[in-house]
Amino acid sequence: METVKSVETETQLNLDPIIESKIKTLLNQMTLAEKIGQLSQHNGEGFEAVAAINRRVKQGQLGSVLNQADPEIINEWQRIAVEESRLGIPLLIARDVIHGFKTVMPIPLGQAASWNPDIVERGAQIAAHESSSVGINWTFAPMVDISRDPRWGRIAESLGEDPYLCGELGAAMVRGFQGDNLSNPNSIAACVKHFCGYGASEAGRDYSSTNIPEYELHNVYLRPFKRCIDEGAASLMASFSDIDGIPATANDYLLTEILREHWKFDGLTVSDWNAVQELAVHGIAENDKDCATLAANAGIDMEMSGTSYEDYLSGLVKENLLSINQIDAMVSNVLRLKFRLGLFDNPFVDDKNAQLFGSDAALKVAQEAAQQSLVLLKNQNNLLPLSSTKKGKIAVMGPLADAPYEQLGTWIFDGDASISQSILTAMKLFQTDNLKIDFNCGLEYSRSKDTKHFNDAIKLAKNSDVAVLCLGEESILSGEAHSRACIDLPGAQIDLIKQIKATGTPIVGVILAGRSLTLTNIVDDLDAIIYAWHPGTMGGPAIAETLFGQKSPSGKLPVTLPKMVGQLPLYYSQKNTGRPPTDESVVLIDEIQQFAEQTSLGMTAFHLDAGYKPLFPFGFGLTYGEFDYSNLQLSAAQLSENSSITAKVTLANSGSHTATETVQLYIRDKVGTITRPIKELVGFQRVTLAPGEKTSVSFEITTNNLKFYTRRRQWEAEPGEFQIWIGGSSDATLSDTFSLLA
Ligand code: BGC
């Protein structure tokens with residue numbers, strides 16, 4: 001890869017001189033073995049691990065532990081570190097607190113559907129409060145891997161396909177975890193991951209190679225990382241995958257040149273689990289010693305779970321394969337985080353704080369986050385909201401209707417299913433003498449092909465006014481190493497839908513999943529569809545209050561919903577190509593005449609069997625209101641370096657429900673030195689309007705919104721014409737143009 005001249009705005013190191021001098025004092029006292037110990041993180045799970053860690057900590061030769069959440073064990077480790085080790089250096093205690101600790105928020109992809117940095121921040125704050133109370137001081141989140149392929153199981157952990165949305169929400173998580181000050185006892189250090197490009201794993205197969213060209217890397221994949229680092233993210237994790245042949249763990253271009261030299265990152269870098277030793281498995285190192293040499297020289301400060309650093313770093317120093325200055329810089333990054341967290345002042349927790357879990361305040365945030373993550377994809381004949389006052393019968397059905405554990409989603413090591421409230425439980429609370437709510441699961445779990453409940457389910461549907469069918473995937477079907485090649489509803493769910501449809505009872509489909517599933521083969525069978533992701537602890541109440549119209553859905557898709565797997569990767573901000581498709585140019589497979597001539601099919605960029613559009617576009621989501629956009633106005637037709645343009649639009653709710661709309665601003669750079677996306681999100685705002693209310697919504701556009709990594713390898717805006725759109729999805733049509741002056 002070629003050298004970058006400038007990557008976005010270069011930042012300056014902002015070090016605290018008092019902390020730096022304390023680090024220096026410690027470094028002067030430390031032996032090489034103690035220094036190397038700080039660069040290791042051990043797995044703290046299990047009886048033997050705990051005992052082994054006790055010994056290492058006493059020798060002052062361990063920097064961090066992960067995977068332990070028992071406050072007594074953690075306090076004891078910290079006590080040994082502080083009181084019994086020679087220099088009294090406390091430990092970093094890490095855990096994957098990805099979307100909540102005991103109280104579970106929606107999966108990150110669901111949180112992203114809220115398009116609401118505030119609720120995302122508050123969710124992370126709850127996670128930090130709960131996990132810090134047991135002694136955890138470092139989480140491995142946010143994950144800001146741009147994810148454009150829902151076959152990839154880890155899309156569940158991501159904030160979606162768009163660099164701007166992902167960056168804003170990732171930054172919100174950083175604020176939530178870290179608070180105003182890392183040394184606050186309720187703050188934990190964030191770790192932005194996986195640097196970089198992991199989401200581009202070939203065909204969505206986890207851990208697979210990624211091939212990301214230079215411009216794409218800068219303009220898409222690096223952006224959310226830069227945003228989170230500018231927000232103050234305390235640490236960063238390298239990706240398992242290789243990128244253009246160089247595993248991220250050994251990638252000095254990413255970890256040193258971009259991260260340290262250009263972005264001036266002063267935090268801690270950590271490898272992923274055993275990823276240093278996996279460099280040999282990747283085939284770029286012969287043995288563990290080479291692995292350690294490559295990773296340390298590339299810029300990995302701490303090795304997670306492997307032992308190549310503790311086994312080989314000292315030898316590398318002796319052989320001049322790594323300098324002592326490098327070791328000192330790596331150790332400084334570890335110690336700096338420990339000082340910033342205030343661990344040298346007090347690393348202990350009061351283990352009676354466990355009552356904090358699942359507090360009313362935490363459940364309230366979890367419910368709000370779940371409610372805002374719900375995306376209403378379809379609402380034929382205004383089937384929703386259901387009336388809770390009318391006489392009638394509702395059939396609640398499907399394998400995810402009463403699944404308190406499954407609704408929590410992936411990465412819930414500590415998630416407490418016993419406080420999780422299912423859809424059925426929450427809907428039952430709406431039952432009255434007049435409104436009867438009955439249940440039949442139809443299928444016992446999402447992959448089940450056993451149709452033994454079908455007859456009863458059909459009978460129940462026949463005798464009901466409406467069927468609420470809760471479908472989707474169990475939590476085990478998404479997350480790390482849980483990729484799928486077919487992303488239709490699994491098991492016999494499609495069959496169940498068809499059979500319920502045949503009863504003639506209207507169906508509300510509620511879909512709980514860790515990814516955007518392909519819904520083409522059922523979309524017409526469902527009269528209304530709420531996409532609920534894996535909504536977490538309070539998913540049930542959030543869904544029930546939405547179904548019954550106490551709240552309007554307000555979520556918008558943070559990813560494009562494809563029609564079929566063959567379209568992947570599919571995302572809204574594609575390039576125009578030299579042959580862009582249009583409705584007129586598309587001839588679909590069933591329309592092709594027999595013996596049609598080769599050039600008669602439109603000759604543009606589309607699939608004969610899928611066309612060029614997704615099933616639902618990025619940014620899409622209906623509400624119970626009816627939002628109309630009009631009167632787009634720009635304050636000027638020309639923009640120069642130090643000026644700005646205000647883009648204003650009128651938004652009216654002509655429906656009969658109060659609702660929240662996310663107004664989105666997209667821009668297209670019409671001519672660039674490299675090909676530019678057909679549209680890019682540059683702003684969004686959530687606006688709540690009562691029925692009949694209207695307001696004006698405005699965005700300020702400056703050259704910062706127009707900058708990209710250009711052919712000159714500079715982060716800059718190029719003069720010329722720009723088109724803007726404002727609307728309720730990436731399909732917005734209200735548009736205008738302005739130009740950027742040279
Ligand atoms: C995952 C990371 C995670 C780490 C620690 C790895 O397998 O890729 O995202 O933080 O494990 O549990």
# chains A, B, ... in the order shown; residues from 1 in each chain; ligands from 1
>>> residues_near_ligand(ligand="ligand 1", cutoff="7 Å", atoms="only C-alpha atoms and all ligand atoms", output="MDAnalysis selection string")
chainID A and resid 95:96 140 240 272:273 480
>>> write_last_selection(atoms="all heavy atoms", output="PDB file, in the first residue's frame")
ATOM      1  N   ARG A  95     -13.720  -7.382  29.711  1.00  0.00           N
ATOM      2  CA  ARG A  95     -14.871  -8.257  29.479  1.00  0.00           C
ATOM      3  C   ARG A  95     -15.598  -7.768  28.232  1.00  0.00           C
ATOM      4  O   ARG A  95     -15.642  -6.562  27.978  1.00  0.00           O
ATOM      5  CB  ARG A  95     -15.797  -8.134  30.696  1.00  0.00           C
ATOM      6  CG  ARG A  95     -17.007  -9.054  30.690  1.00  0.00           C
ATOM      7  CD  ARG A  95     -16.643 -10.433  31.108  1.00  0.00           C
ATOM      8  NE  ARG A  95     -17.776 -11.266  31.490  1.00  0.00           N
ATOM      9  CZ  ARG A  95     -17.707 -12.598  31.470  1.00  0.00           C
ATOM     10  NH1 ARG A  95     -16.613 -13.217  31.084  1.00  0.00           N
ATOM     11  NH2 ARG A  95     -18.735 -13.311  31.846  1.00  0.00           N
ATOM     12  N   ASP A  96     -16.199  -8.692  27.508  1.00  0.00           N
ATOM     13  CA  ASP A  96     -17.012  -8.280  26.362  1.00  0.00           C
ATOM     14  C   ASP A  96     -18.383  -7.824  26.846  1.00  0.00           C
ATOM     15  O   ASP A  96     -19.332  -8.606  26.867  1.00  0.00           O
ATOM     16  CB  ASP A  96     -17.168  -9.433  25.381  1.00  0.00           C
ATOM     17  CG  ASP A  96     -15.870  -9.747  24.675  1.00  0.00           C
ATOM     18  OD1 ASP A  96     -15.502  -8.996  23.767  1.00  0.00           O
ATOM     19  OD2 ASP A  96     -15.210 -10.739  25.047  1.00  0.00           O
ATOM     20  N   PHE A 140     -14.673  -4.528  25.476  1.00  0.00           N
ATOM     21  CA  PHE A 140     -14.247  -4.629  24.075  1.00  0.00           C
ATOM     22  C   PHE A 140     -15.375  -4.172  23.162  1.00  0.00           C
ATOM     23  O   PHE A 140     -15.963  -4.959  22.414  1.00  0.00           O
ATOM     24  CB  PHE A 140     -13.827  -6.061  23.758  1.00  0.00           C
ATOM     25  CG  PHE A 140     -12.634  -6.515  24.559  1.00  0.00           C
ATOM     26  CD1 PHE A 140     -12.657  -7.709  25.251  1.00  0.00           C
ATOM     27  CD2 PHE A 140     -11.480  -5.744  24.615  1.00  0.00           C
ATOM     28  CE1 PHE A 140     -11.566  -8.138  25.988  1.00  0.00           C
ATOM     29  CE2 PHE A 140     -10.378  -6.156  25.348  1.00  0.00           C
ATOM     30  CZ  PHE A 140     -10.422  -7.353  26.042  1.00  0.00           C
ATOM     31  N   PHE A 240      -8.907  -9.954  13.435  1.00  0.00           N
ATOM     32  CA  PHE A 240      -8.354 -11.283  13.160  1.00  0.00           C
ATOM     33  C   PHE A 240      -7.905 -11.414  11.699  1.00  0.00           C
ATOM     34  O   PHE A 240      -7.017 -12.181  11.375  1.00  0.00           O
ATOM     35  CB  PHE A 240      -9.459 -12.342  13.311  1.00  0.00           C
ATOM     36  CG  PHE A 240      -9.753 -12.809  14.704  1.00  0.00           C
ATOM     37  CD1 PHE A 240     -11.057 -12.829  15.181  1.00  0.00           C
ATOM     38  CD2 PHE A 240      -8.749 -13.279  15.523  1.00  0.00           C
ATOM     39  CE1 PHE A 240     -11.358 -13.311  16.445  1.00  0.00           C
ATOM     40  CE2 PHE A 240      -9.035 -13.762  16.796  1.00  0.00           C
ATOM     41  CZ  PHE A 240     -10.333 -13.775  17.259  1.00  0.00           C
ATOM     42  N   ASP A 272      -6.546  -9.377  19.028  1.00  0.00           N
ATOM     43  CA  ASP A 272      -7.730 -10.173  19.324  1.00  0.00           C
ATOM     44  C   ASP A 272      -7.246 -11.509  19.910  1.00  0.00           C
ATOM     45  O   ASP A 272      -6.040 -11.788  19.976  1.00  0.00           O
ATOM     46  CB  ASP A 272      -8.594 -10.374  18.066  1.00  0.00           C
ATOM     47  CG  ASP A 272     -10.056 -10.642  18.444  1.00  0.00           C
ATOM     48  OD1 ASP A 272     -10.301 -11.113  19.569  1.00  0.00           O
ATOM     49  OD2 ASP A 272     -10.949 -10.399  17.613  1.00  0.00           O
ATOM     50  N   TRP A 273      -8.191 -12.314  20.331  1.00  0.00           N
ATOM     51  CA  TRP A 273      -7.916 -13.563  21.057  1.00  0.00           C
ATOM     52  C   TRP A 273      -6.937 -14.459  20.289  1.00  0.00           C
ATOM     53  O   TRP A 273      -7.260 -14.931  19.196  1.00  0.00           O
ATOM     54  CB  TRP A 273      -9.247 -14.284  21.290  1.00  0.00           C
ATOM     55  CG  TRP A 273      -9.154 -15.551  22.054  1.00  0.00           C
ATOM     56  CD1 TRP A 273      -8.798 -16.777  21.571  1.00  0.00           C
ATOM     57  CD2 TRP A 273      -9.410 -15.729  23.441  1.00  0.00           C
ATOM     58  NE1 TRP A 273      -8.822 -17.706  22.568  1.00  0.00           N
ATOM     59  CE2 TRP A 273      -9.207 -17.086  23.741  1.00  0.00           C
ATOM     60  CE3 TRP A 273      -9.806 -14.873  24.482  1.00  0.00           C
ATOM     61  CZ2 TRP A 273      -9.381 -17.610  25.014  1.00  0.00           C
ATOM     62  CZ3 TRP A 273      -9.986 -15.401  25.750  1.00  0.00           C
ATOM     63  CH2 TRP A 273      -9.767 -16.750  25.998  1.00  0.00           C
ATOM     64  N   GLU A 480     -20.203 -14.068  16.505  1.00  0.00           N
ATOM     65  CA  GLU A 480     -18.905 -14.543  16.026  1.00  0.00           C
ATOM     66  C   GLU A 480     -18.953 -16.003  15.585  1.00  0.00           C
ATOM     67  O   GLU A 480     -19.492 -16.862  16.291  1.00  0.00           O
ATOM     68  CB  GLU A 480     -17.844 -14.379  17.125  1.00  0.00           C
ATOM     69  CG  GLU A 480     -16.470 -14.768  16.603  1.00  0.00           C
ATOM     70  CD  GLU A 480     -15.357 -14.528  17.603  1.00  0.00           C
ATOM     71  OE1 GLU A 480     -15.593 -13.910  18.652  1.00  0.00           O
ATOM     72  OE2 GLU A 480     -14.235 -14.976  17.312  1.00  0.00           O
TER      73      GLU A 480
END
>>> residues_around(residues="Phe195 in chain A", least_positions_apart="6", cutoff="8 Å", atoms="only C-alpha atoms", output="number ranges by chain")
A: 145, 225, 236-239, 248, 254
>>> write_last_selection(atoms="all heavy atoms", output="PDB file, in the first residue's frame")
ATOM      1  N   ASP A 145     -17.071  -2.093  12.735  1.00  0.00           N
ATOM      2  CA  ASP A 145     -16.755  -2.666  11.427  1.00  0.00           C
ATOM      3  C   ASP A 145     -17.911  -2.424  10.468  1.00  0.00           C
ATOM      4  O   ASP A 145     -19.028  -2.895  10.714  1.00  0.00           O
ATOM      5  CB  ASP A 145     -16.525  -4.183  11.560  1.00  0.00           C
ATOM      6  CG  ASP A 145     -15.297  -4.484  12.404  1.00  0.00           C
ATOM      7  OD1 ASP A 145     -14.289  -3.798  12.214  1.00  0.00           O
ATOM      8  OD2 ASP A 145     -15.367  -5.395  13.250  1.00  0.00           O
ATOM      9  N   PHE A 225     -13.608   4.473  12.814  1.00  0.00           N
ATOM     10  CA  PHE A 225     -12.535   4.337  13.818  1.00  0.00           C
ATOM     11  C   PHE A 225     -11.984   5.717  14.180  1.00  0.00           C
ATOM     12  O   PHE A 225     -11.796   6.037  15.350  1.00  0.00           O
ATOM     13  CB  PHE A 225     -11.407   3.439  13.275  1.00  0.00           C
ATOM     14  CG  PHE A 225     -11.772   1.983  13.304  1.00  0.00           C
ATOM     15  CD1 PHE A 225     -12.368   1.374  12.213  1.00  0.00           C
ATOM     16  CD2 PHE A 225     -11.546   1.225  14.440  1.00  0.00           C
ATOM     17  CE1 PHE A 225     -12.722   0.033  12.248  1.00  0.00           C
ATOM     18  CE2 PHE A 225     -11.898  -0.121  14.495  1.00  0.00           C
ATOM     19  CZ  PHE A 225     -12.491  -0.719  13.389  1.00  0.00           C
ATOM     20  N   LEU A 236      -7.921   0.167  21.362  1.00  0.00           N
ATOM     21  CA  LEU A 236      -8.305  -0.312  20.030  1.00  0.00           C
ATOM     22  C   LEU A 236      -7.843  -1.757  19.864  1.00  0.00           C
ATOM     23  O   LEU A 236      -6.763  -2.122  20.320  1.00  0.00           O
ATOM     24  CB  LEU A 236      -7.645   0.591  18.980  1.00  0.00           C
ATOM     25  CG  LEU A 236      -7.718   0.182  17.521  1.00  0.00           C
ATOM     26  CD1 LEU A 236      -7.925   1.423  16.638  1.00  0.00           C
ATOM     27  CD2 LEU A 236      -6.452  -0.529  17.066  1.00  0.00           C
ATOM     28  N   MET A 237      -8.695  -2.572  19.234  1.00  0.00           N
ATOM     29  CA  MET A 237      -8.340  -3.978  19.001  1.00  0.00           C
ATOM     30  C   MET A 237      -8.130  -4.215  17.505  1.00  0.00           C
ATOM     31  O   MET A 237      -8.929  -3.759  16.679  1.00  0.00           O
ATOM     32  CB  MET A 237      -9.462  -4.892  19.500  1.00  0.00           C
ATOM     33  CG  MET A 237      -9.136  -6.378  19.429  1.00  0.00           C
ATOM     34  SD  MET A 237     -10.588  -7.427  19.790  1.00  0.00           S
ATOM     35  CE  MET A 237     -10.905  -7.009  21.482  1.00  0.00           C
ATOM     36  N   ALA A 238      -7.076  -4.961  17.189  1.00  0.00           N
ATOM     37  CA  ALA A 238      -6.828  -5.288  15.778  1.00  0.00           C
ATOM     38  C   ALA A 238      -7.729  -6.447  15.368  1.00  0.00           C
ATOM     39  O   ALA A 238      -8.148  -7.258  16.186  1.00  0.00           O
ATOM     40  CB  ALA A 238      -5.364  -5.675  15.593  1.00  0.00           C
ATOM     41  N   SER A 239      -7.988  -6.504  14.085  1.00  0.00           N
ATOM     42  CA  SER A 239      -8.875  -7.532  13.545  1.00  0.00           C
ATOM     43  C   SER A 239      -8.140  -8.870  13.402  1.00  0.00           C
ATOM     44  O   SER A 239      -6.922  -8.915  13.249  1.00  0.00           O
ATOM     45  CB  SER A 239      -9.369  -7.052  12.183  1.00  0.00           C
ATOM     46  OG  SER A 239      -9.940  -8.092  11.473  1.00  0.00           O
ATOM     47  N   ALA A 248      -4.189  -8.033  10.057  1.00  0.00           N
ATOM     48  CA  ALA A 248      -4.269  -6.753  10.770  1.00  0.00           C
ATOM     49  C   ALA A 248      -3.328  -6.727  11.977  1.00  0.00           C
ATOM     50  O   ALA A 248      -2.777  -5.689  12.326  1.00  0.00           O
ATOM     51  CB  ALA A 248      -5.705  -6.510  11.213  1.00  0.00           C
ATOM     52  N   LEU A 254      -1.489   0.049   9.188  1.00  0.00           N
ATOM     53  CA  LEU A 254      -2.690   0.422   9.941  1.00  0.00           C
ATOM     54  C   LEU A 254      -2.350   0.849  11.365  1.00  0.00           C
ATOM     55  O   LEU A 254      -2.782   1.898  11.842  1.00  0.00           O
ATOM     56  CB  LEU A 254      -3.656  -0.768  10.010  1.00  0.00           C
ATOM     57  CG  LEU A 254      -4.378  -1.168   8.733  1.00  0.00           C
ATOM     58  CD1 LEU A 254      -5.140  -2.473   8.937  1.00  0.00           C
ATOM     59  CD2 LEU A 254      -5.344  -0.063   8.306  1.00  0.00           C
TER      60      LEU A 254
END
>>> closest_residue(among="A:Lys352, A:Lys436, A:Lys498, A:Lys613", to="Pro71 in chain A", atoms="only C-alpha atoms")
A:Lys352
>>> select_by_dssp(residues="range 343-562 of chain A", states="strand (DSSP E)", output="MDAnalysis selection string")
chainID A and resid 375:379 392:397 435:440 466:472 507:512 528:531
>>> residues_around(residues="Lys707 in chain A", least_positions_apart="4", cutoff="12 Å", atoms="only C-alpha atoms", output="MDAnalysis selection string")
chainID A and resid 7:9 218:219 223 641 667:669 672 676 680 682 701:703 713:719 722 740
>>> write_last_selection(atoms="N, CA and C atoms", output="PDB file, in the first residue's frame")
ATOM      1  N   VAL A   7      -4.328  11.774   6.405  1.00  0.00           N
ATOM      2  CA  VAL A   7      -5.541  10.999   6.619  1.00  0.00           C
ATOM      3  C   VAL A   7      -6.461  11.823   7.488  1.00  0.00           C
ATOM      4  N   GLU A   8      -7.518  12.317   6.960  1.00  0.00           N
ATOM      5  CA  GLU A   8      -8.420  13.231   7.656  1.00  0.00           C
ATOM      6  C   GLU A   8      -7.593  14.305   8.367  1.00  0.00           C
ATOM      7  N   THR A   9      -8.183  14.942   9.316  1.00  0.00           N
ATOM      8  CA  THR A   9      -7.468  15.993  10.027  1.00  0.00           C
ATOM      9  C   THR A   9      -6.486  15.331  10.983  1.00  0.00           C
ATOM     10  N   HIS A 218      -9.923   4.071   3.171  1.00  0.00           N
ATOM     11  CA  HIS A 218      -9.969   5.398   3.802  1.00  0.00           C
ATOM     12  C   HIS A 218     -11.366   5.991   3.814  1.00  0.00           C
ATOM     13  N   ASN A 219     -12.074   5.831   2.707  1.00  0.00           N
ATOM     14  CA  ASN A 219     -13.363   6.520   2.596  1.00  0.00           C
ATOM     15  C   ASN A 219     -14.505   5.777   3.275  1.00  0.00           C
ATOM     16  N   ARG A 223     -13.143   5.356   8.553  1.00  0.00           N
ATOM     17  CA  ARG A 223     -13.827   6.555   9.065  1.00  0.00           C
ATOM     18  C   ARG A 223     -14.446   6.398  10.452  1.00  0.00           C
ATOM     19  N   GLU A 641     -14.692  27.669   1.085  1.00  0.00           N
ATOM     20  CA  GLU A 641     -13.989  26.996   2.183  1.00  0.00           C
ATOM     21  C   GLU A 641     -14.508  27.389   3.577  1.00  0.00           C
ATOM     22  N   ILE A 667     -25.704  13.392   0.280  1.00  0.00           N
ATOM     23  CA  ILE A 667     -25.008  14.251  -0.693  1.00  0.00           C
ATOM     24  C   ILE A 667     -24.321  13.384  -1.739  1.00  0.00           C
ATOM     25  N   ARG A 668     -24.292  13.910  -2.945  1.00  0.00           N
ATOM     26  CA  ARG A 668     -23.506  13.252  -4.000  1.00  0.00           C
ATOM     27  C   ARG A 668     -22.530  14.247  -4.602  1.00  0.00           C
ATOM     28  N   ASP A 669     -21.297  13.817  -4.659  1.00  0.00           N
ATOM     29  CA  ASP A 669     -20.253  14.610  -5.301  1.00  0.00           C
ATOM     30  C   ASP A 669     -20.287  14.193  -6.771  1.00  0.00           C
ATOM     31  N   GLY A 672     -15.634  13.588  -9.275  1.00  0.00           N
ATOM     32  CA  GLY A 672     -14.476  13.533  -8.377  1.00  0.00           C
ATOM     33  C   GLY A 672     -13.252  13.023  -9.100  1.00  0.00           C
ATOM     34  N   ARG A 676     -17.258   8.387  -7.187  1.00  0.00           N
ATOM     35  CA  ARG A 676     -17.870   8.713  -5.896  1.00  0.00           C
ATOM     36  C   ARG A 676     -19.201   7.962  -5.750  1.00  0.00           C
ATOM     37  N   GLU A 680     -24.351   9.709  -0.257  1.00  0.00           N
ATOM     38  CA  GLU A 680     -23.740   9.400   1.045  1.00  0.00           C
ATOM     39  C   GLU A 680     -24.462  10.153   2.135  1.00  0.00           C
ATOM     40  N   VAL A 682     -24.870  12.288   5.248  1.00  0.00           N
ATOM     41  CA  VAL A 682     -23.985  13.228   5.958  1.00  0.00           C
ATOM     42  C   VAL A 682     -24.662  13.854   7.174  1.00  0.00           C
ATOM     43  N   ILE A 701     -24.429  22.721   5.976  1.00  0.00           N
ATOM     44  CA  ILE A 701     -23.443  21.977   5.174  1.00  0.00           C
ATOM     45  C   ILE A 701     -22.170  22.807   5.060  1.00  0.00           C
ATOM     46  N   THR A 702     -21.040  22.206   5.422  1.00  0.00           N
ATOM     47  CA  THR A 702     -19.752  22.886   5.246  1.00  0.00           C
ATOM     48  C   THR A 702     -18.852  21.971   4.410  1.00  0.00           C
ATOM     49  N   THR A 703     -17.668  22.458   4.112  1.00  0.00           N
ATOM     50  CA  THR A 703     -16.768  21.626   3.292  1.00  0.00           C
ATOM     51  C   THR A 703     -16.412  20.324   4.012  1.00  0.00           C
ATOM     52  N   ARG A 713      -4.474  11.426  -2.556  1.00  0.00           N
ATOM     53  CA  ARG A 713      -4.244  10.815  -1.237  1.00  0.00           C
ATOM     54  C   ARG A 713      -4.264  11.862  -0.131  1.00  0.00           C
ATOM     55  N   GLN A 714      -5.187  12.773  -0.276  1.00  0.00           N
ATOM     56  CA  GLN A 714      -5.386  13.814   0.722  1.00  0.00           C
ATOM     57  C   GLN A 714      -6.825  13.751   1.166  1.00  0.00           C
ATOM     58  N   TRP A 715      -7.083  14.131   2.410  1.00  0.00           N
ATOM     59  CA  TRP A 715      -8.447  14.238   2.909  1.00  0.00           C
ATOM     60  C   TRP A 715      -8.903  15.657   2.600  1.00  0.00           C
ATOM     61  N   GLU A 716      -9.703  15.837   1.554  1.00  0.00           N
ATOM     62  CA  GLU A 716     -10.030  17.184   1.093  1.00  0.00           C
ATOM     63  C   GLU A 716     -11.349  17.176   0.313  1.00  0.00           C
ATOM     64  N   ALA A 717     -11.897  18.371   0.137  1.00  0.00           N
ATOM     65  CA  ALA A 717     -13.106  18.503  -0.691  1.00  0.00           C
ATOM     66  C   ALA A 717     -12.682  18.999  -2.064  1.00  0.00           C
ATOM     67  N   GLU A 718     -13.308  18.471  -3.081  1.00  0.00           N
ATOM     68  CA  GLU A 718     -12.954  18.890  -4.434  1.00  0.00           C
ATOM     69  C   GLU A 718     -14.043  19.807  -4.989  1.00  0.00           C
ATOM     70  N   PRO A 719     -13.649  20.943  -5.542  1.00  0.00           N
ATOM     71  CA  PRO A 719     -14.634  21.875  -6.099  1.00  0.00           C
ATOM     72  C   PRO A 719     -15.468  21.215  -7.189  1.00  0.00           C
ATOM     73  N   PHE A 722     -22.470  19.534  -6.439  1.00  0.00           N
ATOM     74  CA  PHE A 722     -22.949  18.519  -5.490  1.00  0.00           C
ATOM     75  C   PHE A 722     -24.470  18.479  -5.537  1.00  0.00           C
ATOM     76  N   LEU A 740     -19.337  23.816  -4.960  1.00  0.00           N
ATOM     77  CA  LEU A 740     -18.218  24.204  -4.107  1.00  0.00           C
ATOM     78  C   LEU A 740     -17.223  24.954  -4.982  1.00  0.00           C
TER      79      LEU A 740
END
>>> closest_residue(among="A:Ser654, A:Thr520, A:Asn14, A:Thr410", to="Ala610 in chain A", atoms="only C-alpha atoms")
A:Thr520
>>> select_by_dssp(residues="range 364-522 of chain A", states="alpha helix (DSSP H)", output="PyMOL selection string")
chain A and resi 364-373+423-428+454-462+493-502
>>> residues_around(residues="Pro677 in chain A", least_positions_apart="5", cutoff="6 Å", atoms="only C-alpha atoms", output="list of chain:residue names")
A:Ser573, A:Gln574, A:Lys575
>>> write_last_selection(atoms="C-alpha atoms", output="compact mmCIF listing (two decimals), in the first residue's frame")
# COMPACT_ATOMS: atom_id res chain seq x y z
CA SER A 573 -23.83 4.13 -1.37
CA GLN A 574 -22.70 2.18 -4.40
CA LYS A 575 -20.77 3.72 -7.24
>>> atom_distance(atom1="CA of Asn463 in chain A", atom2="CA of Gly442 in chain A")
15.1 Å
>>> closest_residue(among="A:Trp152, A:Tyr709, A:Tyr164, A:Trp533", to="Gln372 in chain A", atoms="only C-alpha atoms")
A:Trp533
>>> residues_around(residues="Phe699 in chain A", least_positions_apart="5", cutoff="7 Å", atoms="only C-alpha atoms", output="NGL selection string")
:A and (646-648)
>>> write_last_selection(atoms="N, CA, C and O atoms", output="PDB file, in the first residue's frame")
ATOM      1  N   THR A 646     -27.182  26.424   4.421  1.00  0.00           N
ATOM      2  CA  THR A 646     -28.223  25.772   5.215  1.00  0.00           C
ATOM      3  C   THR A 646     -29.233  25.134   4.262  1.00  0.00           C
ATOM      4  O   THR A 646     -29.748  25.797   3.362  1.00  0.00           O
ATOM      5  N   ALA A 647     -29.474  23.860   4.480  1.00  0.00           N
ATOM      6  CA  ALA A 647     -30.491  23.159   3.687  1.00  0.00           C
ATOM      7  C   ALA A 647     -31.699  22.979   4.589  1.00  0.00           C
ATOM      8  O   ALA A 647     -31.581  22.455   5.700  1.00  0.00           O
ATOM      9  N   LYS A 648     -32.852  23.453   4.102  1.00  0.00           N
ATOM     10  CA  LYS A 648     -34.040  23.456   4.953  1.00  0.00           C
ATOM     11  C   LYS A 648     -35.184  22.750   4.241  1.00  0.00           C
ATOM     12  O   LYS A 648     -35.347  22.871   3.032  1.00  0.00           O
TER      13      LYS A 648
END
>>> closest_residue(among="A:Ser241, A:Thr737, A:Gln550, A:Gln723", to="Gln371 in chain A", atoms="only C-alpha atoms")
A:Gln550
>>> closest_residue(among="A:Trp138, A:Phe339, A:Trp115, A:Tyr445", to="Pro558 in chain A", atoms="only C-alpha atoms")
A:Trp115
>>> closest_residue(among="A:Lys428, A:Gln125, A:Ala141, A:Leu169", to="Asn186 in chain A", atoms="only C-alpha atoms")
A:Gln125
